[in-house]
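Structure file run.txt; described as compact mmCIF, C-alpha atoms.
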```txt
# COMPACT_ATOMS: atom_id res chain seq x y z
CA MET Z 27 13.99 5.62 -28.86
CA PRO Z 28 16.47 7.03 -26.31
CA ASP Z 29 16.89 5.08 -23.08
CA ASN Z 30 15.67 7.81 -20.71
CA TRP Z 31 17.57 6.41 -17.72
CA SER Z 32 16.70 9.55 -15.73
CA PHE Z 33 13.01 8.56 -15.86
CA VAL Z 34 13.85 5.03 -14.68
CA ALA Z 35 15.92 6.45 -11.80
CA ALA Z 36 13.12 8.89 -10.92
CA ALA Z 37 10.49 6.12 -10.80
CA TYR Z 38 12.58 3.77 -8.64
CA GLY Z 39 13.84 6.65 -6.45
CA LEU Z 40 10.31 7.91 -5.82
CA ALA Z 41 9.08 4.41 -4.94
CA ALA Z 42 12.03 3.97 -2.53
CA ILE Z 43 11.18 7.28 -0.83
CA VAL Z 44 7.48 6.32 -0.46
CA PHE Z 45 8.17 2.80 0.89
CA LEU Z 46 10.94 3.95 3.25
CA GLY Z 47 8.73 6.81 4.43
CA TYR Z 48 5.86 4.43 5.19
CA TRP Z 49 8.23 2.02 6.97
CA ARG Z 50 9.56 4.89 9.13
CA ARG Z 51 6.00 6.02 9.86
CA LEU Z 52 5.13 2.55 11.18
CA GLY Z 53 8.25 2.60 13.37
CA ARG Z 54 7.36 6.05 14.73
CA LYS Z 55 3.83 4.89 15.57
CA GLU Z 56 5.22 1.83 17.41
CA ARG Z 57 7.56 4.06 19.45
CA GLU Z 58 4.67 6.43 20.29
CA ILE Z 59 2.56 3.53 21.59
CA THR Z 60 5.48 2.16 23.64
CA ALA Z 61 5.99 5.64 25.16
CA LEU Z 62 2.26 5.96 25.87
CA ARG Z 63 2.22 2.57 27.61
CA ALA Z 64 5.31 3.44 29.66
CA ASP Z 65 3.78 6.81 30.57
CA ARG Z 66 0.53 5.16 31.69
CA GLY Z 67 2.43 2.50 33.62
CA SER Z 68 4.41 5.08 35.58
CA HIS Z 69 1.27 7.11 36.42
CA GLN Z 70 -0.80 4.24 37.86
CA PRO Z 71 -2.62 5.56 40.93
CA SER Z 72 -1.73 3.96 44.29
CA ARG Z 73 -4.34 2.26 46.47
CA THR Z 74 -4.81 5.50 48.45
CA GLY Z 75 -5.65 7.31 45.25
CA HIS Z 76 -2.51 9.42 45.28
CA PRO Z 77 -0.10 9.23 42.36
CA ARG Z 78 2.78 6.89 43.12
CA PRO Z 79 6.06 8.84 42.88
CA ASP Z 80 8.76 7.49 40.66
CA ALA Z 81 11.41 5.67 42.74
CA ALA Z 82 14.24 7.61 41.08
CA SER Z 83 12.67 10.99 41.77
CA ARG Z 84 12.04 10.35 45.49
CA ALA Z 85 14.23 12.36 47.86
CA PRO Z 86 16.57 10.23 49.97
CA LEU Z 87 15.76 9.90 53.66
CA PRO Z 88 17.78 12.18 55.94
CA MET Y 7 6.73 -13.63 11.86
CA VAL Y 8 6.44 -9.97 10.83
CA LYS Y 9 10.22 -9.57 10.96
CA VAL Y 10 10.68 -12.68 8.79
CA LEU Y 11 8.27 -11.22 6.22
CA GLY Y 12 10.28 -7.98 6.27
CA TRP Y 13 13.60 -9.73 5.64
CA LEU Y 14 12.05 -11.89 2.91
CA ALA Y 15 10.79 -8.68 1.27
CA VAL Y 16 14.31 -7.16 1.42
CA VAL Y 17 15.79 -10.28 -0.23
CA GLY Y 18 12.97 -10.28 -2.81
CA ILE Y 19 13.48 -6.60 -3.64
CA ALA Y 20 17.23 -7.18 -4.11
CA ALA Y 21 16.47 -10.09 -6.46
CA GLY Y 22 13.79 -8.06 -8.27
CA LEU Y 23 16.10 -5.09 -8.80
CA THR Y 24 18.81 -7.41 -10.17
CA MET Y 25 16.34 -9.11 -12.51
CA GLY Y 26 14.79 -5.84 -13.67
CA SER Y 27 18.03 -3.94 -14.22
CA ALA Y 28 20.58 -6.56 -15.25
CA VAL Y 29 18.96 -9.84 -16.33
CA ALA Y 30 15.89 -8.71 -18.30
CA PRO Y 31 16.86 -7.50 -21.79
CA ARG Y 32 16.50 -3.96 -23.13
CA GLU Y 33 13.08 -3.67 -24.76
CA VAL Y 34 13.32 -3.12 -28.53
CA THR Y 35 10.73 -0.34 -29.02
CA GLN Y 36 10.85 1.64 -25.79
CA GLY Y 37 14.46 1.07 -24.74
CA ASN Y 38 15.47 0.90 -21.09
CA VAL Y 39 12.62 3.15 -19.91
CA GLN Y 40 10.42 0.03 -20.15
CA ARG Y 41 12.19 -1.20 -16.96
CA ILE Y 42 9.73 1.00 -15.05
CA MET Y 43 7.22 -1.76 -15.82
CA TYR Y 44 8.89 -4.03 -13.21
CA LEU Y 45 7.77 -1.57 -10.55
CA HIS Y 46 4.62 -0.04 -12.07
CA VAL Y 47 2.73 -3.27 -12.84
CA PRO Y 48 3.55 -5.25 -9.63
CA ALA Y 49 2.61 -2.17 -7.56
CA VAL Y 50 -0.93 -2.17 -8.95
CA TRP Y 51 -1.28 -5.95 -8.54
CA VAL Y 52 -0.28 -5.65 -4.87
CA ALA Y 53 -2.72 -2.75 -4.48
CA TYR Y 54 -5.51 -4.88 -6.01
CA LEU Y 55 -4.67 -7.76 -3.63
CA ALA Y 56 -4.61 -5.44 -0.61
CA PHE Y 57 -7.99 -3.96 -1.58
CA ILE Y 58 -9.43 -7.48 -2.01
CA VAL Y 59 -8.17 -8.33 1.51
CA GLY Y 60 -9.72 -5.07 2.71
CA PHE Y 61 -13.00 -5.93 0.94
CA VAL Y 62 -13.23 -9.41 2.53
CA ALA Y 63 -12.26 -8.10 5.98
CA SER Y 64 -14.86 -5.30 5.70
CA VAL Y 65 -17.59 -7.82 4.81
CA VAL Y 66 -16.53 -9.99 7.77
CA TYR Y 67 -16.57 -6.95 10.05
CA LEU Y 68 -20.07 -5.93 8.97
CA ALA Y 69 -21.32 -9.50 9.42
CA ARG Y 70 -19.63 -10.40 12.72
CA ARG Y 71 -18.38 -7.08 14.21
CA ARG Y 72 -14.94 -8.48 14.98
CA ASP Y 73 -12.33 -5.83 15.78
CA THR Y 74 -9.54 -7.93 14.23
CA ALA Y 75 -11.40 -7.84 10.88
CA ASP Y 76 -11.75 -4.06 11.14
CA ARG Y 77 -8.05 -3.62 11.89
CA LEU Y 78 -7.10 -5.90 8.97
CA ALA Y 79 -9.38 -3.93 6.63
CA HIS Y 80 -7.88 -0.64 7.82
CA ALA Y 81 -4.30 -1.90 7.41
CA ALA Y 82 -4.93 -3.49 4.00
CA CYS Y 83 -6.71 -0.43 2.56
CA GLU Y 84 -3.99 1.91 3.84
CA VAL Y 85 -1.18 -0.22 2.38
CA GLY Y 86 -3.15 -0.67 -0.86
CA THR Y 87 -3.44 3.12 -1.15
CA VAL Y 88 0.35 3.48 -0.74
CA PHE Y 89 0.97 0.93 -3.53
CA LEU Y 90 -1.66 2.49 -5.78
CA GLY Y 91 -0.02 5.89 -5.26
CA VAL Y 92 3.32 4.39 -6.34
CA ASN Y 93 1.60 2.85 -9.38
CA ILE Y 94 0.04 6.17 -10.45
CA ALA Y 95 3.26 8.15 -9.91
CA THR Y 96 5.48 5.64 -11.75
CA GLY Y 97 2.89 5.48 -14.55
CA ALA Y 98 3.11 9.25 -14.98
CA ILE Y 99 6.92 9.05 -15.06
CA TRP Y 100 6.73 6.27 -17.68
CA GLY Y 101 4.07 8.14 -19.66
CA LYS Y 102 6.15 11.27 -20.26
CA PRO Y 103 8.88 9.71 -22.44
CA THR Y 104 6.58 7.15 -24.13
CA TRP Y 105 3.29 9.03 -24.63
CA GLY Y 106 4.69 12.56 -24.44
CA THR Y 107 2.51 13.47 -21.46
CA TRP Y 108 2.54 12.91 -17.69
CA TRP Y 109 -1.23 12.46 -17.53
CA THR Y 110 -4.25 12.12 -19.78
CA TRP Y 111 -7.90 11.70 -18.85
CA ASP Y 112 -8.37 8.35 -20.58
CA ALA Y 113 -10.54 5.61 -19.09
CA ARG Y 114 -7.78 3.61 -17.34
CA LEU Y 115 -6.06 6.62 -15.77
CA THR Y 116 -9.32 8.28 -14.77
CA SER Y 117 -10.79 5.11 -13.23
CA VAL Y 118 -7.61 4.39 -11.26
CA ALA Y 119 -7.56 8.02 -10.04
CA VAL Y 120 -11.19 7.65 -8.88
CA VAL Y 121 -10.31 4.50 -6.90
CA PHE Y 122 -7.27 6.25 -5.39
CA VAL Y 123 -9.40 9.22 -4.27
CA MET Y 124 -12.01 6.84 -2.82
CA PHE Y 125 -9.40 5.10 -0.69
CA LEU Y 126 -7.98 8.47 0.40
CA ALA Y 127 -11.53 9.33 1.48
CA TYR Y 128 -11.64 5.98 3.33
CA LEU Y 129 -8.52 6.93 5.32
CA LEU Y 130 -9.88 10.44 6.01
CA LEU Y 131 -13.17 8.95 7.17
CA ARG Y 132 -11.27 6.78 9.67
CA GLN Y 133 -9.78 9.95 11.17
CA ALA Y 134 -12.94 12.04 11.00
CA VAL Y 135 -15.49 9.95 12.91
CA GLU Y 136 -14.94 10.13 16.67
CA ASP Y 137 -16.95 7.07 17.69
CA PRO Y 138 -14.63 4.16 16.72
CA GLU Y 139 -17.48 1.66 16.23
CA ARG Y 140 -19.41 3.98 13.92
CA GLY Y 141 -16.20 4.97 12.10
CA ALA Y 142 -15.39 1.30 11.49
CA ARG Y 143 -18.90 0.65 10.16
CA TYR Y 144 -18.84 3.63 7.74
CA ALA Y 145 -15.31 2.76 6.63
CA ALA Y 146 -16.30 -0.87 5.96
CA VAL Y 147 -19.13 0.29 3.67
CA LEU Y 148 -16.86 2.73 1.83
CA GLY Y 149 -14.09 0.10 1.58
CA ILE Y 150 -16.51 -2.35 -0.05
CA VAL Y 151 -17.86 0.26 -2.50
CA ALA Y 152 -14.33 1.43 -3.43
CA ALA Y 153 -13.06 -2.14 -3.95
CA LEU Y 154 -16.01 -2.90 -6.24
CA ASN Y 155 -14.47 -0.40 -8.69
CA ILE Y 156 -11.37 -2.55 -9.24
CA PRO Y 157 -12.94 -4.61 -12.09
CA LEU Y 158 -13.91 -1.30 -13.71
CA VAL Y 159 -10.25 -0.22 -13.63
CA HIS Y 160 -9.03 -3.56 -14.98
CA PHE Y 161 -11.55 -3.84 -17.82
CA SER Y 162 -11.59 -0.11 -18.71
CA VAL Y 163 -8.99 -0.75 -21.44
CA TYR Y 164 -11.43 -3.17 -23.15
CA TRP Y 165 -14.65 -1.21 -22.61
CA TRP Y 166 -13.37 2.19 -23.79
CA ARG Y 167 -10.80 3.36 -26.31
CA THR Y 168 -7.74 4.30 -24.24
CA LEU Y 169 -4.16 5.42 -24.66
CA HIS Y 170 -3.16 2.86 -22.02
CA GLN Y 171 -2.26 -0.55 -23.44
CA PRO Y 172 -4.42 -3.61 -22.57
CA PRO Y 173 -3.02 -6.02 -19.94
CA SER Y 174 -0.24 -8.35 -21.10
CA LEU Y 175 -0.75 -10.98 -18.40
CA LEU Y 176 -4.06 -10.81 -16.52
CA LYS Y 177 -6.08 -11.70 -19.60
CA PRO Y 178 -7.49 -14.84 -21.20
CA GLY Y 179 -5.09 -16.82 -23.40
CA THR Y 180 -1.31 -17.12 -23.36
CA SER Y 181 1.05 -14.20 -22.87
CA ALA Y 182 3.23 -12.99 -25.71
CA MET Y 183 5.83 -11.75 -23.24
CA PRO Y 184 9.38 -13.17 -23.60
CA PRO Y 185 10.27 -15.55 -20.70
CA SER Y 186 13.12 -13.37 -19.32
CA ILE Y 187 10.83 -10.31 -19.11
CA LEU Y 188 8.03 -12.42 -17.64
CA ALA Y 189 10.40 -13.89 -15.00
CA ALA Y 190 11.63 -10.42 -13.99
CA LEU Y 191 8.04 -9.20 -13.73
CA LEU Y 192 6.92 -12.15 -11.59
CA ILE Y 193 9.94 -11.92 -9.26
CA ASN Y 194 9.28 -8.22 -8.74
CA PHE Y 195 5.63 -9.01 -8.08
CA ALA Y 196 6.63 -11.61 -5.45
CA ALA Y 197 8.98 -9.08 -3.83
CA LEU Y 198 6.37 -6.31 -3.66
CA ALA Y 199 3.72 -8.79 -2.48
CA LEU Y 200 6.03 -9.74 0.41
CA LEU Y 201 6.60 -6.05 1.15
CA GLY Y 202 2.84 -5.42 1.08
CA ALA Y 203 2.17 -8.40 3.39
CA TYR Y 204 4.87 -7.14 5.77
CA PHE Y 205 3.37 -3.63 5.83
CA ILE Y 206 -0.17 -4.96 6.38
CA ALA Y 207 0.91 -7.29 9.22
CA ARG Y 208 2.91 -4.55 10.93
CA ARG Y 209 0.17 -1.92 10.49
CA ALA Y 210 -2.47 -4.31 11.90
CA ARG Y 211 -0.19 -4.97 14.88
CA VAL Y 212 0.23 -1.21 15.45
CA LEU Y 213 -3.56 -0.72 15.29
CA ALA Y 214 -4.09 -3.53 17.83
CA ALA Y 215 -1.49 -2.04 20.19
CA GLU Y 216 -3.06 1.43 19.75
CA ALA Y 217 -6.52 0.10 20.63
CA GLU Y 218 -5.11 -1.73 23.65
CA ALA Y 219 -3.19 1.33 24.87
CA LEU Y 220 -6.20 3.64 24.54
CA ALA Y 221 -8.69 1.20 26.13
```
Step by step, read the file and then write its structure as structure tokens.
Amino acid sequence: MPDNWSFVAAAYGLAAIVFLGYWRRLGRKEREITALRADRGSHQPSRTGHPRPDAASRAPLP
Amino acid sequence: MVKVLGWLAVVGIAAGLTMGSAVAPREVTQGNVQRIMYLHVPAVWVAYLAFIVGFVASVVYLARRRDTADRLAHAACEVGTVFLGVNIATGAIWGKPTWGTWWTWDARLTSVAVVFVMFLAYLLLRQAVEDPERGARYAAVLGIVAALNIPLVHFSVYWWRTLHQPPSLLKPGTSAMPPSILAALLINFAALALLGAYFIARRARVLAAEAEALA
């Protein structure tokens, strides 16, 4: 029977694509959650109920 | 801990690839295409293990309503579905040169396809139900029912006449497999089991962070 190396390469290549794809998906989800947390943290309402402006975006005093 | 599992999986995969491609001998009847076995068989074993973890976690969730059990069940069933998908795809690729067909509706292939579709339905159900508590409850029931089909898949080759060969290892009695092939198979299984454990741990951590962020 011929060796059919192309089938072996296809099987291992496909598995590599699936596993790497899943690994990247987990990484993307982690980054999304980190961004969501950061976004929520920067939009915490102040005690007066008004949104607290970001320190960097505040205009300097005259 | 999760990172350590990930690095152990990388080392294991490197060892498994070396064993499967260079150390294990060329199989006499099938030739080198038989090397697909070192990926195809461990992938289904890891899928079975993940579904068993999902089954136990689902039972625990239904009994005690612990969110950690629900997240573990979700992660294990998702990772099990990924590994089962790899098993089915690599089986089709192996089937073409050896059987002359990518797919046939024999008992083993049909039963494994049914389990795969059931776990896809499990993942869809998770997305479809808006109330998280109800979604978790429905998913736990479906996860248990789907996992109960695993013995059907395993024993299908004994109960019906199939094109698929019977198991060489997970059977009563001693294995007729040569030691070098058996070693390569077991090392690849260890590597994929580490990869599966890494994926499950990381996915469960993502689910916990997601729940915390959305609370």
Report as a PyMOL selection string the set of chain Y residues whose atoms approach chain Z to within 10 Å, with distances computed over all atoms listed in the file. chain Y and resi 23+27+32-46+49+85+88-89+91-93+95-104+201-202+204-205+208-209+211-213+215-220
Would you work out the distance separating atom CA of Ile19 of chain Y from atom CA of Asn194 of chain Y, expressed in Å to one decimal?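 Those two atoms sit 6.8 Å apart.
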In Å to one decimal, how far is atom CA of Pro173 of chain Y from atom CA of Glu84 of chain Y?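 Going from atom CA of Glu84 of chain Y over to atom CA of Pro173 of chain Y covers 25.1 Å.
Near segment 115-121 of chain Y, within a cut-off of 10 Å and counting all atoms listed in the file, sit the residues Val50, Thr87, Leu90, Gly91, Asn93, Ile94, Gly97, Ala98, Trp109, Ala127, Val151, Ala152, Ala153, Leu154, Asn155, Ile156, Leu158, Val159, His160, Ser162, Val163, Thr168, Leu169 and His170 of chain Y, with same-chain residues fewer than 6 positions away left out.
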Quote the spacing between atom CA of Gly179 of chain Y and atom CA of Ala199 of chain Y in Å to one decimal place.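 Computing the Euclidean distance for atom CA of Gly179 of chain Y and atom CA of Ala199 of chain Y yields 24.1 Å.
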